[in-house]
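To keep things clear, I will list the structure first and then write my remarks on it.
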Amino acid sequence: MNFQSPQSQVVLSGHGLVKHYGPVVGLAGVDVAVRSGEALAVMGPSGNGKTTLLHVLAGILTPDQGEVWLGGERVDQLNDAGRTVLRRRRLGFVFQDNQLLAELPADENVALPLMVDGMSRREAVGRARTTLAQVGLAAEAGRRPGELSGGQAQRVAIARALVGEPQVVFADEPTGALDAATGSQVIDLLVGAATHRGAAVVVVTHDNAVAARCHRTLHIVDGRVGAPAATGAAWTGVQQ
Ligand SMILES: Nc1ncnc2c1ncn2[C@@H]1O[C@H](COP(=O)(O)OP(=O)(O)OP(=O)(O)O)[C@@H](O)[C@H]1O
């Protein structure tokens, strides 16, 4: 997939990111930058720091050292409340297990983050239905998660991530629970719908097919930007 917008602004960046869990190294000094409309895959061996990087960039964890910038604002120094508001208003999240609330229909699941942020139920549900239609689920808006297929449920999760018009969507193994064909549809939808809106996407994945749908891949090895496991030669840190 080509990403042909070198003039796009860097919307999210991390500089010299270090994170330890006690004696365990999560990140050992990572630099990363993502532009608006760009999808970045984060790959690497298990336990080498991918999820830690995602959580630090998303303000879920604070780094021990380094800086995180989102749209010109330094965010790693915000307090817990500030980072919570930031995540709710400016970021979207998609997880492997969709994390939808089982007792709510799809439209209310998607509307929930807007209502938590103070929007009226009527307006939030209206926006949720519009977003569900954009991910091809207009007819499923009234169904509960248990009445949806795995791929449909993940599309609802994508709608929930997009409904607040985030600057960056973070996804941790978004296709990990799906078969290959459904996973391809879901990642195409996620990357297409998010980047079409000008959002950046950061996807942690073990799946080469998912990375192939992104514009660029960052390999994390031992908490650092490293070479992909199979090809170590002439590595420059960033794969175009
Ligand atoms: N909350 C925590 N407390 C202690 N150690 C942790 C914690 N979270 C992660 N770690 C450790 O930090 C290192 C990096 O973990 P991380 O989850 O970032 O790796 P990962 O590359 O995402 O792994 P996977 O592909 O298996 O999900 C690992 O050694 C892990 O055991």
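Labels used: A, B, ... for chains in the order of the structure tokens, numbers from 1 for residues in each chain, and numbers from 1 for ligands as shown.
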request  = Please extract the residues at most 7 Å from ligand 1, counting only C-alpha atoms and all ligand atoms, and provide them as number ranges by chain, using the chain letters and residue numbers of this document.
outcome  = A: 21, 24-26, 44-53
inquiry  = Please list as a ChimeraX atom specification every residue within 10 Å of Gln65 in chain A, counting only C-alpha atoms and excluding residues in the same chain fewer than 6 positions away.
reply    = /A:15-20,27-29,76
message = When you count only C-alpha atoms, which of these residues is closest to Thr195 in chain A: A:Thr62, A:Gln9, A:Ser36, A:Thr217?
response =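 Closest candidate: A:Ser36.
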task = Could you tell me, as a VMD selection string, which residues of chain A DSSP assigns to strand (DSSP E or B) when given the backbone?
result = chain A and resid 10 to 21 24 to 35 39 to 43 65 to 70 73 to 74 91 to 95 168 to 172 200 to 204 216 to 221 224 to 225 239
Preceding selection exported with C-alpha atoms as a PDB file, in the first residue's frame:
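See out_29.pdb below for the written result:
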```pdb
ATOM      1  CA  VAL A  10       3.595  14.389  12.075  1.00  0.00           C
ATOM      2  CA  VAL A  11       0.680  13.987  14.480  1.00  0.00           C
ATOM      3  CA  LEU A  12       2.242  11.634  17.027  1.00  0.00           C
ATOM      4  CA  SER A  13       5.858  11.213  18.055  1.00  0.00           C
ATOM      5  CA  GLY A  14       7.897   9.574  20.762  1.00  0.00           C
ATOM      6  CA  HIS A  15      11.476  10.574  21.505  1.00  0.00           C
ATOM      7  CA  GLY A  16      13.988   8.506  23.489  1.00  0.00           C
ATOM      8  CA  LEU A  17      11.244   6.451  25.131  1.00  0.00           C
ATOM      9  CA  VAL A  18      12.415   4.309  28.056  1.00  0.00           C
ATOM     10  CA  LYS A  19      10.104   2.242  30.242  1.00  0.00           C
ATOM     11  CA  HIS A  20      11.023  -0.292  32.928  1.00  0.00           C
ATOM     12  CA  TYR A  21       8.778  -2.543  35.000  1.00  0.00           C
ATOM     13  CA  VAL A  24      12.314  -5.699  33.465  1.00  0.00           C
ATOM     14  CA  VAL A  25      13.025  -3.569  30.406  1.00  0.00           C
ATOM     15  CA  GLY A  26       9.903  -2.628  28.459  1.00  0.00           C
ATOM     16  CA  LEU A  27      11.427   0.045  26.213  1.00  0.00           C
ATOM     17  CA  ALA A  28      15.137   0.849  26.007  1.00  0.00           C
ATOM     18  CA  GLY A  29      15.099   4.069  23.945  1.00  0.00           C
ATOM     19  CA  VAL A  30      12.622   4.279  21.068  1.00  0.00           C
ATOM     20  CA  ASP A  31      12.088   7.106  18.599  1.00  0.00           C
ATOM     21  CA  VAL A  32       8.977   7.012  16.444  1.00  0.00           C
ATOM     22  CA  ALA A  33       6.886   9.466  14.426  1.00  0.00           C
ATOM     23  CA  VAL A  34       3.578   8.946  12.640  1.00  0.00           C
ATOM     24  CA  ARG A  35       1.899  11.321  10.205  1.00  0.00           C
ATOM     25  CA  ALA A  39      -0.843   3.560   9.223  1.00  0.00           C
ATOM     26  CA  LEU A  40       2.162   2.202  11.128  1.00  0.00           C
ATOM     27  CA  ALA A  41       2.500  -1.482  11.995  1.00  0.00           C
ATOM     28  CA  VAL A  42       4.531  -2.358  15.096  1.00  0.00           C
ATOM     29  CA  MET A  43       5.979  -5.867  14.914  1.00  0.00           C
ATOM     30  CA  GLN A  65      12.428   8.814  30.164  1.00  0.00           C
ATOM     31  CA  GLY A  66      11.621  10.498  26.882  1.00  0.00           C
ATOM     32  CA  GLU A  67       8.783  12.557  25.479  1.00  0.00           C
ATOM     33  CA  VAL A  68       5.474  11.889  23.741  1.00  0.00           C
ATOM     34  CA  TRP A  69       3.943  14.590  21.558  1.00  0.00           C
ATOM     35  CA  LEU A  70       0.450  14.578  20.081  1.00  0.00           C
ATOM     36  CA  GLU A  73       1.257  19.092  22.638  1.00  0.00           C
ATOM     37  CA  ARG A  74       3.529  17.248  25.028  1.00  0.00           C
ATOM     38  CA  LEU A  91      -7.496   8.923  20.561  1.00  0.00           C
ATOM     39  CA  GLY A  92      -9.356   5.771  19.559  1.00  0.00           C
ATOM     40  CA  PHE A  93      -8.664   2.184  20.604  1.00  0.00           C
ATOM     41  CA  VAL A  94      -9.339  -1.235  19.101  1.00  0.00           C
ATOM     42  CA  PHE A  95      -8.383  -4.339  21.076  1.00  0.00           C
ATOM     43  CA  VAL A 168      -4.762   8.590  16.241  1.00  0.00           C
ATOM     44  CA  VAL A 169      -6.309   5.121  16.434  1.00  0.00           C
ATOM     45  CA  PHE A 170      -4.327   2.523  18.380  1.00  0.00           C
ATOM     46  CA  ALA A 171      -5.003  -1.156  17.735  1.00  0.00           C
ATOM     47  CA  ASP A 172      -3.438  -4.077  19.633  1.00  0.00           C
ATOM     48  CA  ALA A 200      -3.053   8.062  12.009  1.00  0.00           C
ATOM     49  CA  VAL A 201      -3.173   4.362  12.893  1.00  0.00           C
ATOM     50  CA  VAL A 202      -0.710   2.467  15.085  1.00  0.00           C
ATOM     51  CA  VAL A 203      -1.258  -1.306  14.946  1.00  0.00           C
ATOM     52  CA  VAL A 204       0.588  -3.860  17.065  1.00  0.00           C
ATOM     53  CA  ARG A 216       5.199   1.291   7.167  1.00  0.00           C
ATOM     54  CA  THR A 217       6.458  -1.213   9.725  1.00  0.00           C
ATOM     55  CA  LEU A 218       8.475  -0.517  12.860  1.00  0.00           C
ATOM     56  CA  HIS A 219      10.221  -3.557  14.344  1.00  0.00           C
ATOM     57  CA  ILE A 220      10.749  -3.574  18.094  1.00  0.00           C
ATOM     58  CA  VAL A 221      13.429  -5.957  19.384  1.00  0.00           C
ATOM     59  CA  ARG A 224      14.514  -0.890  20.704  1.00  0.00           C
ATOM     60  CA  VAL A 225      13.875  -0.199  17.039  1.00  0.00           C
ATOM     61  CA  GLN A 239      10.811  -0.071   6.544  1.00  0.00           C
TER      62      GLN A 239
END
```
task = List the neighbours of Thr84 in chain A out to 10 Å using only C-alpha atoms; skip same-chain residues closer than 6 positions along the sequence, and give me the result as a list in words.
result =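 Residues near the query, excluding close chain neighbours: Ala58, Gly59, Ile60 and Leu78 of chain A.
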Output the selection as an mmCIF file, in the first residue's frame - C-alpha atoms for each residue.
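Output contents, as saved in selection.cif:
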```cif
data_model
loop_
_atom_site.group_PDB
_atom_site.id
_atom_site.type_symbol
_atom_site.label_atom_id
_atom_site.label_comp_id
_atom_site.auth_asym_id
_atom_site.auth_seq_id
_atom_site.Cartn_x
_atom_site.Cartn_y
_atom_site.Cartn_z
ATOM 1 C CA ALA A 58 -1.376 6.403 23.973
ATOM 2 C CA GLY A 59 -0.872 7.875 27.433
ATOM 3 C CA ILE A 60 -1.943 4.671 29.196
ATOM 4 C CA LEU A 78 -0.062 15.330 31.826
#
```
